[in-house]
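Below is run_33.cif, holding mmCIF, C-alpha atoms.
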```cif
data_run
loop_
_atom_site.label_atom_id
_atom_site.label_comp_id
_atom_site.auth_asym_id
_atom_site.auth_seq_id
_atom_site.Cartn_x
_atom_site.Cartn_y
_atom_site.Cartn_z
CA MET A 9 -14.50 -9.10 21.82
CA THR A 10 -11.85 -11.77 21.28
CA ASP A 11 -8.62 -11.97 19.28
CA THR A 12 -10.67 -13.34 16.40
CA THR A 13 -13.18 -10.46 16.26
CA CYS A 14 -12.60 -7.25 14.25
CA THR A 15 -11.12 -4.46 16.40
CA ILE A 16 -13.37 -1.78 14.84
CA GLU A 17 -15.95 -0.74 17.44
CA GLY A 18 -19.33 -2.40 16.86
CA CYS A 19 -18.02 -4.92 14.31
CA VAL A 20 -18.36 -8.60 15.23
CA ARG A 21 -17.02 -10.13 12.00
CA PRO A 22 -13.99 -12.44 12.17
CA VAL A 23 -10.50 -11.02 11.68
CA ARG A 24 -9.01 -11.46 8.19
CA ALA A 25 -6.19 -8.88 8.30
CA LYS A 26 -4.42 -10.18 11.41
CA LYS A 27 -1.77 -7.47 11.66
CA GLN A 28 -4.37 -4.70 11.85
CA GLY A 29 -7.01 -6.80 13.58
CA TRP A 30 -9.67 -5.99 10.99
CA CYS A 31 -12.32 -8.04 9.24
CA GLY A 32 -12.22 -8.37 5.46
CA ALA A 33 -14.69 -5.52 4.89
CA HIS A 34 -12.76 -3.00 7.00
CA HIS A 35 -9.47 -4.11 5.43
CA GLN A 36 -10.91 -3.58 1.93
CA ARG A 37 -12.12 -0.10 2.93
CA PHE A 38 -8.61 0.68 4.15
CA LEU A 39 -7.12 -0.46 0.83
CA ARG A 40 -9.66 1.54 -1.22
CA HIS A 41 -9.94 4.70 0.89
CA GLY A 42 -6.91 4.74 3.19
CA ASP A 43 -9.24 4.42 6.20
CA PRO A 44 -10.98 1.28 7.55
CA LEU A 45 -14.10 3.40 8.07
CA GLY A 46 -13.77 5.16 4.69
CA GLY A 47 -16.20 5.22 1.78
CA GLY A 48 -19.94 5.04 2.22
CA GLU A 49 -21.79 8.34 2.30
CA SER A 50 -18.65 10.36 1.47
CA ARG A 51 -19.02 9.40 -2.20
CA ALA A 52 -18.56 12.38 -4.55
CA ALA A 53 -21.24 13.59 -6.93
CA PRO A 54 -20.80 12.40 -10.54
CA GLY A 55 -18.16 14.49 -12.29
CA GLU A 56 -17.06 16.32 -9.13
CA PRO A 57 -13.58 14.69 -8.88
CA TRP A 58 -12.89 15.38 -12.57
CA ARG A 59 -13.92 19.06 -12.23
CA TYR A 60 -11.77 19.35 -9.11
CA TYR A 61 -8.77 17.84 -10.91
CA LEU A 62 -9.12 20.20 -13.90
CA ALA A 63 -9.45 23.21 -11.60
CA THR A 64 -6.40 22.35 -9.48
CA VAL A 65 -3.85 20.41 -11.56
CA TYR A 66 -2.07 23.54 -12.86
CA ARG A 67 -2.69 25.67 -9.77
CA PRO A 68 0.61 26.70 -8.13
CA SER A 69 1.25 25.21 -4.71
CA ASP A 70 3.84 25.70 -1.96
CA GLY A 71 3.58 22.05 -0.94
CA CYS A 72 1.76 18.84 -1.67
CA LYS A 73 -1.63 18.97 -3.29
CA VAL A 74 -3.31 15.97 -1.68
CA TRP A 75 -6.07 14.17 -3.60
CA PRO A 76 -9.27 14.35 -1.49
CA TYR A 77 -11.36 11.79 -3.39
CA ALA A 78 -11.12 8.06 -4.13
CA VAL A 79 -7.98 6.12 -3.23
CA ALA A 80 -6.72 2.74 -4.45
CA ASN A 81 -3.57 1.13 -3.05
CA GLY A 82 -2.72 4.41 -1.36
CA TYR A 83 -2.82 6.46 -4.59
CA GLY A 84 -5.48 8.96 -5.59
CA VAL A 85 -7.65 7.67 -8.44
CA LEU A 86 -10.01 9.31 -10.89
CA ALA A 87 -12.61 7.49 -12.97
CA ILE A 88 -13.01 8.71 -16.54
CA GLY A 89 -15.83 6.78 -18.12
CA ARG A 90 -15.37 3.17 -17.05
CA THR A 91 -11.59 3.46 -16.67
CA GLN A 92 -9.79 4.36 -13.45
CA TYR A 93 -6.59 6.41 -13.63
CA SER A 94 -3.98 7.29 -11.01
CA VAL A 95 -4.21 11.01 -10.35
CA HIS A 96 -0.45 11.41 -9.95
CA HIS A 97 -0.03 9.72 -13.33
CA LEU A 98 -2.45 12.16 -14.98
CA ALA A 99 -0.73 15.13 -13.33
CA CYS A 100 2.70 13.89 -14.38
CA GLN A 101 1.45 13.65 -17.96
CA ALA A 102 -0.08 17.13 -17.77
CA TRP A 103 3.20 18.66 -16.53
CA ASN A 104 5.82 16.50 -18.27
CA GLY A 105 4.16 15.30 -21.46
CA PRO A 106 3.28 11.75 -22.50
CA ARG A 107 4.78 8.83 -20.61
CA PRO A 108 7.84 7.37 -22.33
CA PHE A 109 7.54 3.63 -22.98
CA GLY A 110 8.47 1.58 -19.92
CA TYR A 111 8.56 4.55 -17.55
CA VAL A 112 6.47 5.19 -14.42
CA ALA A 113 5.37 8.33 -12.61
CA CYS A 114 7.66 8.97 -9.63
CA HIS A 115 7.12 11.25 -6.66
CA GLY A 116 10.09 13.51 -6.10
CA VAL A 117 10.50 15.50 -2.91
CA CYS A 118 7.31 14.68 -1.03
CA HIS A 119 7.04 10.84 -1.07
CA ASN A 120 3.27 11.17 -0.53
CA LYS A 121 1.23 8.75 -2.67
CA LEU A 122 -1.77 11.11 -2.60
CA CYS A 123 0.24 14.08 -3.87
CA TYR A 124 -0.42 15.20 -7.44
CA THR A 125 1.68 18.38 -7.46
CA GLY A 126 3.06 18.55 -11.01
CA PRO A 127 6.56 19.90 -10.23
CA TYR A 128 7.07 17.09 -7.70
CA LEU A 129 6.43 14.39 -10.32
CA ARG A 130 8.64 12.97 -13.08
CA TRP A 131 8.80 10.06 -15.51
CA ALA A 132 11.51 7.56 -14.64
CA PRO A 133 12.33 3.89 -15.22
CA PRO A 134 10.97 1.46 -12.62
CA SER A 135 14.51 0.83 -11.34
CA GLU A 136 14.86 4.53 -10.46
CA ASN A 137 11.47 4.47 -8.75
CA SER A 138 12.60 1.46 -6.69
CA ALA A 139 15.86 3.20 -5.79
CA ASP A 140 13.86 6.25 -4.64
CA MET A 141 11.66 4.03 -2.48
CA TRP A 142 14.68 2.39 -0.82
CA ARG A 143 16.33 5.80 -0.30
CA ASP A 144 13.18 7.27 1.23
CA GLY A 145 12.31 4.22 3.35
CA THR A 146 8.93 3.75 1.66
CA VAL A 147 9.51 0.21 0.37
CA MET A 148 6.64 -1.98 1.53
CA ILE A 149 8.72 -4.84 2.92
CA GLY A 150 8.25 -6.94 5.99
CA ASP A 151 5.88 -5.51 8.57
CA ARG A 152 5.45 -2.28 6.55
CA ASN A 153 3.40 -4.31 4.08
CA HIS A 154 -0.26 -4.12 5.13
CA ALA A 155 -0.88 -7.70 3.96
CA THR A 156 1.88 -9.35 5.99
CA LYS A 157 0.95 -12.03 8.47
CA LEU A 158 4.21 -11.88 10.40
CA THR A 159 6.21 -9.47 12.52
CA PRO A 160 10.01 -9.20 12.67
CA GLU A 161 9.87 -10.90 16.09
CA ALA A 162 7.93 -13.84 14.62
CA VAL A 163 10.45 -14.14 11.78
CA ARG A 164 13.34 -14.25 14.26
CA GLU A 165 11.49 -16.88 16.31
CA ILE A 166 10.78 -18.99 13.21
CA ARG A 167 14.46 -18.91 12.18
CA ARG A 168 15.63 -19.67 15.73
CA ARG A 169 13.27 -22.61 16.16
CA TYR A 170 14.00 -24.08 12.74
CA ALA A 171 17.79 -23.73 13.24
CA ALA A 172 17.50 -25.48 16.62
CA GLY A 173 16.00 -28.49 14.85
CA GLY A 174 13.23 -30.82 15.87
CA VAL A 175 10.48 -28.93 14.05
CA LYS A 176 9.34 -29.23 10.46
CA GLN A 177 8.68 -26.29 8.17
CA TRP A 178 5.12 -27.56 7.63
CA ASP A 179 4.42 -27.43 11.36
CA LEU A 180 5.86 -23.93 11.73
CA ALA A 181 3.96 -22.74 8.67
CA ARG A 182 0.68 -24.05 10.08
CA GLU A 183 1.40 -22.49 13.47
CA TYR A 184 2.12 -19.04 11.99
CA GLY A 185 -0.64 -19.15 9.38
CA VAL A 186 1.59 -19.04 6.29
CA ARG A 187 2.30 -21.46 3.50
CA GLN A 188 5.26 -23.82 3.72
CA ALA A 189 6.87 -22.20 0.65
CA ALA A 190 6.73 -18.79 2.36
CA LEU A 191 8.24 -20.23 5.52
CA SER A 192 11.00 -21.90 3.51
CA ALA A 193 11.86 -18.55 1.93
CA ILE A 194 12.03 -16.99 5.40
CA VAL A 195 14.44 -19.58 6.84
CA ARG A 196 16.62 -19.41 3.69
CA ARG A 197 16.61 -15.58 3.98
CA VAL A 198 15.14 -15.16 0.51
CA THR A 199 12.44 -13.00 2.10
CA TRP A 200 12.64 -10.85 5.22
CA LYS A 201 16.35 -10.29 4.46
CA HIS A 202 16.30 -7.07 6.45
CA VAL A 203 15.58 -8.98 9.70
CA ASP A 204 18.58 -10.45 11.55
#
```
What do you get writing this file as structure tokens?
Amino acid sequence: MTDTTCTIEGCVRPVRAKKQGWCGAHHQRFLRHGDPLGGGESRAAPGEPWRYYLATVYRPSDGCKVWPYAVANGYGVLAIGRTQYSVHHLACQAWNGPRPFGYVACHGVCHNKLCYTGPYLRWAPPSENSADMWRDGTVMIGDRNHATKLTPEAVREIRRRYAAGGVKQWDLAREYGVRQAALSAIVRRVTWKHVD
């Protein structure tokens, strides 16, 4: 196995998600199921997730009720007909009434994207949701973002080398596998602001 081969045992496909060292297929499984080996034969029987949701959404709980079925972007999802809904969104609506225009479902005390415990959810404006994410340290910036191609160390090295002169942004961008516009934003501190 080389640096360019997927790090999942038995997989010989080329790496697409460099930070994790996974091929495109394993990265997509991670995005959909929260696990690079997820999906496949663990698929639920038709109607099972919906029956589970109806049986548990109002059930009292001492902690998080974690969605055990399909996941998209880290959130539990439930298909109703041909439409996919976020489970925490459905639970928030069940406990707090219809969503006010322009509001989003926010997790309160638990900060767990898979949680659909009604009392932990509330409708709030997106700005309040963003403030909660910053407060809780769950903002997907920099190397916390699963799709990033860089590390904080690489960002520091890029800024140091560019400030020293003698290297073009295009050359650095090609070397680090990013676009020149992204590299320009890094050296101007438009992005990766949290890195010194």
* When the PyMOL selection byres ((chain A and resi 68-81) around 6) is applied to the file above, which residues end up in the set, as an MDAnalysis selection string? -> chainID A and resid 39:41 67 82:85 122:125
Could you give me, as JSON lines, a per-residue list for stretch 12-121 of chain A showing, wherever an atom lies at most 9 Å from an atom of stretch 141-157 of chain A, the closest pair of atoms and their distance in Å to one decimal, using only C-alpha atoms and sorting by chain then residue number from low to high?
```
{"residue": "A:Ala25", "atom": "CA", "partner": "A:Ala155", "partner_atom": "CA", "distance": 7.0}
{"residue": "A:Lys26", "atom": "CA", "partner": "A:Lys157", "partner_atom": "CA", "distance": 6.4}
{"residue": "A:Lys27", "atom": "CA", "partner": "A:Lys157", "partner_atom": "CA", "distance": 6.2}
{"residue": "A:Gln28", "atom": "CA", "partner": "A:His154", "partner_atom": "CA", "distance": 7.9}
{"residue": "A:Leu39", "atom": "CA", "partner": "A:His154", "partner_atom": "CA", "distance": 8.9}
{"residue": "A:His119", "atom": "CA", "partner": "A:Asp144", "partner_atom": "CA", "distance": 7.5}
```
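Coordinates place atom CA of A:Val65 at a distance of 21.0 Å from atom CA of A:Tyr111.
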* **the PyMOL selection byres ((chain A and resi 165) around 12) applied to the shown file, residues as a ChimeraX atom specification** => /A:158-164,166-172,180,183-184,191,194-195,203-204
* **Which residue of A:Tyr66, A:Trp58, A:Phe109, A:Trp103 approaches A:Leu86 most closely, using only C-alpha atoms** =>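 Ranked by minimum distance to A:Leu86, first place goes to A:Trp58.
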* Rounded to one decimal place, report the atom CA of A:Asn120-atom CA of A:Asn104 distance in Å. =>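 Calculated distance between atom CA of A:Asn120 and atom CA of A:Asn104 is 18.7 Å.
Pairwise distance (atom CA of A:Gly126, atom CA of A:Leu98) equals 9.3 Å.
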Could you list, with a cut-off of 12 Å and counting all atoms listed in the file, the residues of stretch 29-133 of chain A near stretch 14-20 of chain A, each shown with its nearest atom pair and the distance in Å rounded to one decimal, rows sorted by chain and ascending number, as a tab-separated table?
```
residue	atom	partner	partner_atom	distance
A:Gly29	CA	A:Thr15	CA	5.5
A:Trp30	CA	A:Cys14	CA	4.6
A:Cys31	CA	A:Cys14	CA	5.1
A:Gly32	CA	A:Cys14	CA	8.9
A:Ala33	CA	A:Cys14	CA	9.7
A:His34	CA	A:Ile16	CA	8.0
A:His35	CA	A:Cys14	CA	9.9
A:Phe38	CA	A:Ile16	CA	12.0
A:Asp43	CA	A:Ile16	CA	11.4
A:Pro44	CA	A:Ile16	CA	8.3
A:Leu45	CA	A:Ile16	CA	8.6
```
Just write the chosen residues, C-alpha atoms, as a JSON list (two decimals), in the coordinates of the input.
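File produced: selection_8.json:
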```
[["chain", "number", "residue", "atom", "x", "y", "z"],
["A", 29, "GLY", "CA", -7.01, -6.80, 13.58],
["A", 30, "TRP", "CA", -9.67, -5.99, 10.99],
["A", 31, "CYS", "CA", -12.32, -8.04, 9.24],
["A", 32, "GLY", "CA", -12.22, -8.37, 5.46],
["A", 33, "ALA", "CA", -14.69, -5.52, 4.89],
["A", 34, "HIS", "CA", -12.76, -3.00, 7.00],
["A", 35, "HIS", "CA", -9.47, -4.11, 5.43],
["A", 38, "PHE", "CA", -8.61, 0.68, 4.15],
["A", 43, "ASP", "CA", -9.24, 4.42, 6.20],
["A", 44, "PRO", "CA", -10.98, 1.28, 7.55],
["A", 45, "LEU", "CA", -14.10, 3.40, 8.07]]
```
* To do: Skip A:Gly110 itself and residues of its chain fewer than 2 positions away, then list as a PyMOL selection string all residues within 10 Å of it, counting all atoms listed in the file.
  => chain A and resi 107-108+112+131-134
* Asked: Which residues, protein or nucleic acid, reach to within 8 Å of (2.0, 11.9, -12.9) in the file's coordinates when using all atoms listed in the file, and can you give that as JSON, numbers by chain?
  -> {"A": [94, 95, 96, 97, 98, 99, 100, 101, 102, 103, 113, 114, 124, 126, 129, 130, 131]}
Edge lengths and centre in Å, axis-aligned, stretch 70-75 of chain A plus 3 Å each side, as JSON:
```
{"center_x": -1.1, "center_y": 19.9, "center_z": -2.3, "size_x": 15.9, "size_y": 17.5, "size_z": 8.7}
```
* Restricting the calculation to only C-alpha atoms, which member of A:Arg24, A:His115, A:Lys121, A:Arg182 is positioned closest to A:Ala139? ->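 Comparing A:Arg24, A:His115, A:Lys121, A:Arg182 against A:Ala139, the winner is A:His115.
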